>>> print(open('run.tsv').read())   # TSV, C-alpha atoms and all ligand atoms
chain	number	residue	atom	x	y	z
U	1	MET	CA	-21.32	8.53	32.12
U	2	ARG	CA	-21.98	8.72	28.42
U	3	ILE	CA	-24.83	10.89	27.18
U	4	LEU	CA	-26.56	11.01	23.80
U	5	LEU	CA	-27.72	14.56	23.06
U	6	ILE	CA	-30.03	15.29	20.12
U	7	GLU	CA	-30.70	18.96	19.51
U	8	ASP	CA	-30.88	20.69	16.12
U	9	HIS	CA	-30.25	24.21	17.41
U	10	PRO	CA	-26.46	24.57	17.00
U	11	THR	CA	-25.81	27.05	19.81
U	12	LEU	CA	-28.01	25.26	22.31
U	13	ARG	CA	-26.44	21.94	21.34
U	14	ASP	CA	-22.89	23.29	21.79
U	15	VAL	CA	-23.64	25.06	25.06
U	16	THR	CA	-25.40	22.03	26.54
U	17	ALA	CA	-22.71	19.60	25.37
U	18	GLY	CA	-19.96	21.93	26.60
U	19	HIS	CA	-21.54	22.29	30.02
U	20	LEU	CA	-22.07	18.56	30.49
U	21	ALA	CA	-18.52	17.81	29.28
U	22	SER	CA	-17.12	20.30	31.77
U	23	ARG	CA	-19.02	18.40	34.47
U	24	GLY	CA	-17.34	15.14	33.53
U	25	PHE	CA	-19.94	13.58	31.24
U	26	VAL	CA	-18.95	12.13	27.89
U	27	VAL	CA	-21.33	13.67	25.36
U	28	ASP	CA	-22.07	12.60	21.78
U	29	ALA	CA	-24.17	15.40	20.29
U	30	PHE	CA	-26.20	15.19	17.07
U	31	ALA	CA	-28.45	17.54	15.12
U	32	ASN	CA	-30.88	15.00	13.70
U	33	ALA	CA	-32.54	11.64	14.29
U	34	ARG	CA	-30.67	9.81	11.53
U	35	ASP	CA	-27.23	10.52	13.02
U	36	ALA	CA	-28.46	9.72	16.51
U	37	LEU	CA	-29.79	6.33	15.39
U	38	ALA	CA	-26.49	5.60	13.66
U	39	ALA	CA	-24.69	6.35	16.95
U	40	VAL	CA	-27.05	4.13	18.94
U	41	ALA	CA	-26.12	1.27	16.61
U	42	VAL	CA	-22.43	1.48	17.55
U	43	ALA	CA	-22.27	2.93	21.07
U	44	SER	CA	-24.09	2.37	24.30
U	45	TYR	CA	-25.32	5.27	26.38
U	46	ASP	CA	-26.25	5.88	29.97
U	47	ALA	CA	-28.96	8.42	29.11
U	48	VAL	CA	-30.46	10.39	26.24
U	49	ILE	CA	-31.44	14.06	26.19
U	50	LEU	CA	-33.60	14.96	23.22
U	51	ASP	CA	-35.44	17.81	21.62
U	52	LEU	CA	-38.91	17.14	20.17
U	53	GLY	CA	-38.79	19.42	17.13
U	54	LEU	CA	-36.14	17.74	14.98
U	55	PRO	CA	-35.66	18.20	11.23
U	56	ASP	CA	-36.18	14.58	10.21
U	57	MET	CA	-38.34	12.97	12.88
U	58	ASP	CA	-40.49	13.91	15.83
U	59	GLY	CA	-38.58	13.45	19.08
U	60	MET	CA	-41.27	11.18	20.58
U	61	ASP	CA	-41.01	8.81	17.62
U	62	LEU	CA	-37.22	8.97	17.86
U	63	LEU	CA	-37.34	8.07	21.54
U	64	ALA	CA	-39.52	5.04	20.76
U	65	GLU	CA	-37.09	4.04	18.00
U	66	ILE	CA	-34.03	4.42	20.28
U	67	ARG	CA	-35.71	2.41	23.02
U	68	ALA	CA	-36.56	-0.33	20.53
U	69	ARG	CA	-32.91	-0.58	19.51
U	70	THR	CA	-31.29	-0.59	22.95
U	71	ARG	CA	-31.25	-3.60	25.20
U	72	ARG	CA	-31.29	-1.89	28.55
U	73	ARG	CA	-34.03	0.67	29.16
U	74	LEU	CA	-32.23	3.94	28.47
U	75	PRO	CA	-33.13	6.83	30.79
U	76	ALA	CA	-34.51	9.71	28.71
U	77	LEU	CA	-34.97	13.39	29.32
U	78	ILE	CA	-36.96	15.51	26.87
U	79	ALA	CA	-35.90	19.15	26.54
U	80	SER	CA	-38.47	20.99	24.47
U	81	ALA	CA	-39.99	24.39	23.82
U	82	ARG	CA	-43.41	22.72	23.73
U	83	ASP	CA	-44.67	23.75	27.13
U	84	ALA	CA	-48.35	22.81	26.82
U	85	LEU	CA	-49.54	20.34	29.41
U	86	PRO	CA	-50.76	17.79	26.79
U	87	ASP	CA	-47.25	17.72	25.25
U	88	ARG	CA	-45.63	17.15	28.62
U	89	ILE	CA	-48.06	14.39	29.47
U	90	ARG	CA	-47.57	12.80	26.06
U	91	GLY	CA	-43.78	12.94	26.56
U	92	LEU	CA	-43.96	11.24	29.92
U	93	ASP	CA	-46.48	8.71	28.57
U	94	ALA	CA	-44.09	7.99	25.71
U	95	GLY	CA	-41.59	6.84	28.32
U	96	ALA	CA	-39.48	9.90	29.00
U	97	ASP	CA	-38.26	9.98	32.60
U	98	ASP	CA	-38.40	13.75	32.77
U	99	TYR	CA	-39.52	16.71	30.69
U	100	LEU	CA	-37.74	20.04	30.76
U	101	VAL	CA	-39.24	23.12	29.11
U	102	LYS	CA	-36.97	25.49	27.18
U	103	PRO	CA	-35.41	27.80	27.97
U	104	PHE	CA	-33.87	25.88	30.84
U	105	ASP	CA	-31.02	26.50	33.20
U	106	LEU	CA	-28.00	24.27	32.53
U	107	LEU	CA	-27.62	23.50	36.22
U	108	GLU	CA	-31.23	22.32	36.35
U	109	LEU	CA	-30.69	20.14	33.30
U	110	GLU	CA	-27.62	18.64	34.95
U	111	ALA	CA	-29.48	18.00	38.23
U	112	ARG	CA	-32.36	16.31	36.43
U	113	LEU	CA	-29.94	14.28	34.35
U	114	ARG	CA	-28.26	13.00	37.52
U	115	ALA	CA	-31.67	12.07	38.88
U	116	VAL	CA	-32.64	9.98	35.84
U	117	LEU	CA	-29.18	8.36	35.84
U	118	ARG	CA	-29.58	6.83	39.28
U	119	ARG	CA	-29.83	3.17	38.58
U	120	PRO	CA	-31.00	0.37	40.80
U	121	GLY	CA	-28.11	-1.65	42.23
U	122	GLU	CA	-25.69	1.22	41.86
U	123	ARG	CA	-24.56	3.58	44.57
U	124	ALA	CA	-26.48	6.78	43.96
U	125	GLU	CA	-24.84	9.07	46.51
U	126	ASP	CA	-23.08	12.26	45.49
U	127	LEU	CA	-20.27	11.46	47.93
U	128	LEU	CA	-18.49	8.14	47.43
U	129	ARG	CA	-15.91	6.80	49.88
U	130	SER	CA	-13.46	3.95	50.13
U	131	GLY	CA	-10.21	3.43	52.06
U	132	GLY	CA	-9.85	7.01	53.23
U	133	LEU	CA	-10.64	8.27	49.75
U	134	GLU	CA	-13.66	10.47	49.18
U	135	ILE	CA	-14.98	11.91	45.94
U	136	ASP	CA	-17.72	14.45	45.42
U	137	THR	CA	-19.34	13.57	42.10
U	138	VAL	CA	-21.20	16.88	41.82
U	139	ALA	CA	-18.29	19.21	42.67
U	140	ARG	CA	-15.90	16.80	40.83
U	141	THR	CA	-13.36	16.88	43.65
U	142	ALA	CA	-11.41	14.09	45.32
U	143	ALA	CA	-9.60	13.91	48.65
U	144	VAL	CA	-7.75	11.40	50.80
U	145	ASP	CA	-8.19	11.87	54.55
U	146	GLY	CA	-9.25	15.43	53.79
U	147	ARG	CA	-6.21	16.23	51.63
U	148	PRO	CA	-7.13	17.21	48.07
U	149	LEU	CA	-6.23	14.67	45.42
U	150	ASP	CA	-5.61	16.19	42.01
U	151	LEU	CA	-7.19	14.12	39.23
U	152	HIS	CA	-7.61	14.81	35.54
U	153	ARG	CA	-11.07	14.56	34.01
U	154	ARG	CA	-10.78	10.98	32.81
U	155	GLU	CA	-8.99	9.79	35.93
U	156	PHE	CA	-11.91	11.15	37.92
U	157	SER	CA	-14.46	9.46	35.62
U	158	LEU	CA	-12.67	6.14	35.96
U	159	LEU	CA	-12.50	6.41	39.74
U	160	GLU	CA	-16.19	7.38	39.90
U	161	GLN	CA	-17.21	4.31	37.88
U	162	LEU	CA	-15.14	2.00	40.07
U	163	LEU	CA	-16.50	3.52	43.27
U	164	ARG	CA	-20.10	3.35	42.06
U	165	ALA	CA	-19.64	-0.34	41.44
U	166	GLY	CA	-18.96	-0.70	45.17
U	167	GLY	CA	-16.04	-3.15	44.84
U	168	ARG	CA	-17.60	-5.22	42.06
U	169	LEU	CA	-15.75	-5.89	38.82
U	170	VAL	CA	-16.42	-3.40	36.03
U	171	VAL	CA	-15.78	-4.77	32.56
U	172	ARG	CA	-13.43	-2.93	30.21
U	173	ASP	CA	-16.06	-2.18	27.57
U	174	ALA	CA	-18.36	-0.54	30.08
U	175	LEU	CA	-15.50	1.65	31.32
U	176	GLU	CA	-14.41	2.65	27.82
U	177	GLU	CA	-17.99	3.48	26.84
U	178	ARG	CA	-18.39	5.76	29.83
U	179	ILE	CA	-15.01	7.47	29.68
U	180	TYR	CA	-14.45	8.14	25.98
U	181	GLY	CA	-16.74	9.81	23.40
U	182	LEU	CA	-17.36	8.77	19.79
U	183	ASP	CA	-15.20	11.62	18.53
U	184	GLU	CA	-12.34	10.65	20.83
U	185	PRO	CA	-10.25	7.92	19.24
U	186	VAL	CA	-9.47	5.24	21.82
U	187	THR	CA	-6.19	3.45	21.27
U	188	PRO	CA	-6.06	-0.16	22.47
U	189	ASN	CA	-3.85	0.78	25.43
U	190	ALA	CA	-5.62	3.99	26.43
U	191	LEU	CA	-7.57	2.43	29.28
U	192	GLU	CA	-4.53	0.56	30.63
U	193	ALA	CA	-2.52	3.78	30.57
U	194	LEU	CA	-5.31	5.63	32.35
U	195	VAL	CA	-5.58	2.90	34.98
U	196	SER	CA	-1.80	3.04	35.56
U	197	ARG	CA	-1.88	6.78	36.11
U	198	LEU	CA	-4.78	6.58	38.53
U	199	ARG	CA	-3.22	3.62	40.32
U	200	ARG	CA	0.01	5.60	40.85
U	201	LYS	CA	-1.89	8.59	42.20
U	202	LEU	CA	-3.81	6.36	44.60
U	203	GLU	CA	-0.61	4.68	45.80
U	204	ASN	CA	0.98	8.06	46.50
U	205	SER	CA	-2.12	9.46	48.14
U	206	GLY	CA	-2.07	7.41	51.34
U	207	SER	CA	-5.41	5.79	50.58
U	208	THR	CA	-5.71	2.01	51.02
U	209	ALA	CA	-7.92	1.88	47.91
U	210	ARG	CA	-6.24	0.12	45.02
U	211	ILE	CA	-7.25	-1.00	41.57
U	212	GLU	CA	-7.25	-4.72	40.92
U	213	THR	CA	-6.89	-5.98	37.34
U	214	ARG	CA	-8.67	-9.04	35.95
U	215	ARG	CA	-6.63	-9.43	32.86
U	216	GLY	CA	-8.67	-9.09	29.69
U	217	ILE	CA	-11.90	-8.64	31.65
U	218	GLY	CA	-11.90	-5.50	33.72
U	219	TYR	CA	-11.08	-3.77	36.97
U	220	ARG	CA	-12.35	-3.34	40.47
U	221	LEU	CA	-11.51	-1.08	43.36
U	222	VAL	CA	-10.66	-2.75	46.65
U	223	ALA	CA	-9.74	-1.16	49.95
U	224	GLU	CA	-8.62	-2.41	53.32
U	225	GLU	CA	-10.96	-1.33	56.06
U	226	ARG	CA	-9.13	0.95	58.42
U	227	ALA	CA	-9.74	1.04	62.13
H	1	CA	CA	-35.62	21.83	17.58
>>> encode(input="run.tsv", output="structure tokens")
Amino acid sequence: MRILLIEDHPTLRDVTAGHLASRGFVVDAFANARDALAAVAVASYDAVILDLGLPDMDGMDLLAEIRARTRRRLPALIASARDALPDRIRGLDAGADDYLVKPFDLLELEARLRAVLRRPGERAEDLLRSGGLEIDTVARTAAVDGRPLDLHRREFSLLEQLLRAGGRLVVRDALEERIYGLDEPVTPNALEALVSRLRRKLENSGSTARIETRRGIGYRLVAEERA
């Protein structure tokens, strides 16, 4: 999942981005509206977290601007020190899906982010299973028939995206967008290499889940039903 974070307070921005990254999110963090709008022009995001008091634009206006420039309705979470009820109502009226008052707990931010990320048509559970494989998307752990399966951060993200799709094809671009950040250069073969590594781990794990390639289009996870 790729998150756009706009917060002009450097420490808060770093701490929030660091926490979300450690929980498996890809985070592009910016200090002002101009940079955030430039990012929206070149990348697609699964959700936006934004401050209201920004140096170059009010966060509510920025949210309207971001929404106007993105095709899909982007889930939005406002994180602001403005705690007055009229501000919160205005934020929700402006189309934010949630409003968090600073100072906030990072675990609460993460929980609320997961809530706004639940999309229709996508499996929303915290526990996802297929072919003896089970992943816990909150604890970021994976297991096959109860035996722990050791996955690196991006391998886990890839597997999560494939499992959430419930066996449907996931196109390459969507996977790359959700697995790599703007500041992480993606070589043309990075996704293939990542898929190969995950595929090998799945083969050795005893799970019947395997990754099917549609050349040039994308990937899907299929599994034989076991008795
Ligand atoms: Ca601010």
>>> residues_near_ligand(input="run.tsv", ligand="ligand CA 1 (chain H)", cutoff="10 Å", atoms="only C-alpha atoms and all ligand atoms", output="list in words")
Ile6, Glu7, Asp8, His9, Pro10, Leu12, Arg13, Ala31, Asn32, Leu50, Asp51, Leu52, Gly53, Leu54, Pro55, Asp58, Gly59, Ala79, Ser80, Ala81 and Arg82 of chain U
>>> closest_residue(input="run.tsv", among="U:Ile78, U:Ala47, U:Leu202, U:Leu158", to="Gly131 (chain U)", atoms="only C-alpha atoms")
U:Leu202
>>> residues_around(input="run.tsv", residues="Glu224 (chain U)", least_positions_apart="6", cutoff="12 Å", atoms="all atoms listed in the file", output="mmCIF file with C-alpha atoms, in the coordinates of the input")
data_model
loop_
_atom_site.group_PDB
_atom_site.id
_atom_site.type_symbol
_atom_site.label_atom_id
_atom_site.label_comp_id
_atom_site.auth_asym_id
_atom_site.auth_seq_id
_atom_site.Cartn_x
_atom_site.Cartn_y
_atom_site.Cartn_z
ATOM 1 C CA SER U 130 -13.460 3.950 50.130
ATOM 2 C CA GLY U 131 -10.210 3.430 52.060
ATOM 3 C CA GLY U 132 -9.850 7.010 53.230
ATOM 4 C CA LEU U 133 -10.640 8.270 49.750
ATOM 5 C CA GLY U 167 -16.040 -3.150 44.840
ATOM 6 C CA GLY U 206 -2.070 7.410 51.340
ATOM 7 C CA SER U 207 -5.410 5.790 50.580
ATOM 8 C CA THR U 208 -5.710 2.010 51.020
ATOM 9 C CA ALA U 209 -7.920 1.880 47.910
ATOM 10 C CA ARG U 210 -6.240 0.120 45.020
ATOM 11 C CA ILE U 211 -7.250 -1.000 41.570
#
>>> residues_around(input="run.tsv", residues="Arg147 (chain U)", least_positions_apart="3", cutoff="10 Å", atoms="only C-alpha atoms", output="short mmCIF file (atom, residue, chain, number, x, y, z; two decimals) with C-alpha atoms, in the frame of the given file")
data_model
loop_
_atom_site.label_atom_id
_atom_site.label_comp_id
_atom_site.auth_asym_id
_atom_site.auth_seq_id
_atom_site.Cartn_x
_atom_site.Cartn_y
_atom_site.Cartn_z
CA LEU U 133 -10.64 8.27 49.75
CA GLU U 134 -13.66 10.47 49.18
CA ALA U 142 -11.41 14.09 45.32
CA ALA U 143 -9.60 13.91 48.65
CA VAL U 144 -7.75 11.40 50.80
CA ASP U 150 -5.61 16.19 42.01
CA SER U 205 -2.12 9.46 48.14
CA GLY U 206 -2.07 7.41 51.34
#
>>> closest_residue(input="run.tsv", among="U:Leu106, U:Ala190, U:Arg88, U:Arg2", to="Asp14 (chain U)", atoms="all atoms listed in the file")
U:Leu106
>>> closest_residue(input="run.tsv", among="U:Arg23, U:Arg129, U:Arg214, U:Lys102", to="Arg153 (chain U)", atoms="all atoms listed in the file")
U:Arg23
>>> closest_residue(input="run.tsv", among="U:Tyr219, U:Met60, U:Thr213, U:Leu149", to="Ile89 (chain U)", atoms="all atoms listed in the file")
U:Met60
>>> atom_distance(input="run.tsv", atom1="CA of Asp183 (chain U)", atom2="CA of Ala43 (chain U)")
11.5 Å
>>> atom_distance(input="run.tsv", atom1="CA of Pro185 (chain U)", atom2="CA of Ala76 (chain U)")
26.1 Å
>>> closest_residue(input="run.tsv", among="U:Leu175, U:Val42, U:Leu109, U:Val26", to="Arg69 (chain U)", atoms="all atoms listed in the file")
U:Val42
>>> atom_distance(input="run.tsv", atom1="CA of Asp61 (chain U)", atom2="CA of Asp35 (chain U)")
14.6 Å
>>> closest_residue(input="run.tsv", among="U:Gly18, U:Glu192, U:Ala68, U:Gln161", to="Ile179 (chain U)", atoms="only C-alpha atoms")
U:Gln161
>>> axis_aligned_box(input="run.tsv", around="region 132-148 of chain U", padding_each_side="6 Å", output="AutoDock Vina command-line options")
--center_x -13.7 --center_y 13.1 --center_z 47.7 --size_x 27.0 --size_y 24.2 --size_z 25.7
>>> build_atoms(input="run.tsv", residues="region 51-62 of chain U", atoms="N, CA and C atoms", output="short mmCIF file (atom, residue, chain, number, x, y, z; two decimals), keeping the file's coordinate frame")
data_model
loop_
_atom_site.label_atom_id
_atom_site.label_comp_id
_atom_site.auth_asym_id
_atom_site.auth_seq_id
_atom_site.Cartn_x
_atom_site.Cartn_y
_atom_site.Cartn_z
N ASP U 51 -34.51 16.77 22.02
CA ASP U 51 -35.44 17.81 21.62
C ASP U 51 -36.61 17.11 20.92
N LEU U 52 -37.79 17.76 20.89
CA LEU U 52 -38.91 17.14 20.17
C LEU U 52 -38.99 17.60 18.72
N GLY U 53 -38.72 18.90 18.49
CA GLY U 53 -38.79 19.42 17.13
C GLY U 53 -37.47 19.20 16.40
N LEU U 54 -37.37 18.06 15.72
CA LEU U 54 -36.14 17.74 14.98
C LEU U 54 -36.43 17.78 13.49
N PRO U 55 -35.41 18.01 12.66
CA PRO U 55 -35.66 18.20 11.23
C PRO U 55 -36.21 16.95 10.54
N ASP U 56 -35.80 15.77 10.99
CA ASP U 56 -36.18 14.58 10.21
C ASP U 56 -37.12 13.62 10.92
N MET U 57 -37.45 13.89 12.18
CA MET U 57 -38.34 12.97 12.88
C MET U 57 -38.84 13.67 14.14
N ASP U 58 -40.04 13.35 14.57
CA ASP U 58 -40.49 13.91 15.83
C ASP U 58 -39.75 13.21 16.97
N GLY U 59 -39.37 13.99 17.99
CA GLY U 59 -38.58 13.45 19.08
C GLY U 59 -39.25 12.28 19.79
N MET U 60 -40.57 12.30 19.90
CA MET U 60 -41.27 11.18 20.58
C MET U 60 -41.11 9.88 19.79
N ASP U 61 -41.20 10.00 18.45
CA ASP U 61 -41.01 8.81 17.62
C ASP U 61 -39.57 8.34 17.70
N LEU U 62 -38.64 9.32 17.75
CA LEU U 62 -37.22 8.97 17.86
C LEU U 62 -36.96 8.23 19.17
#
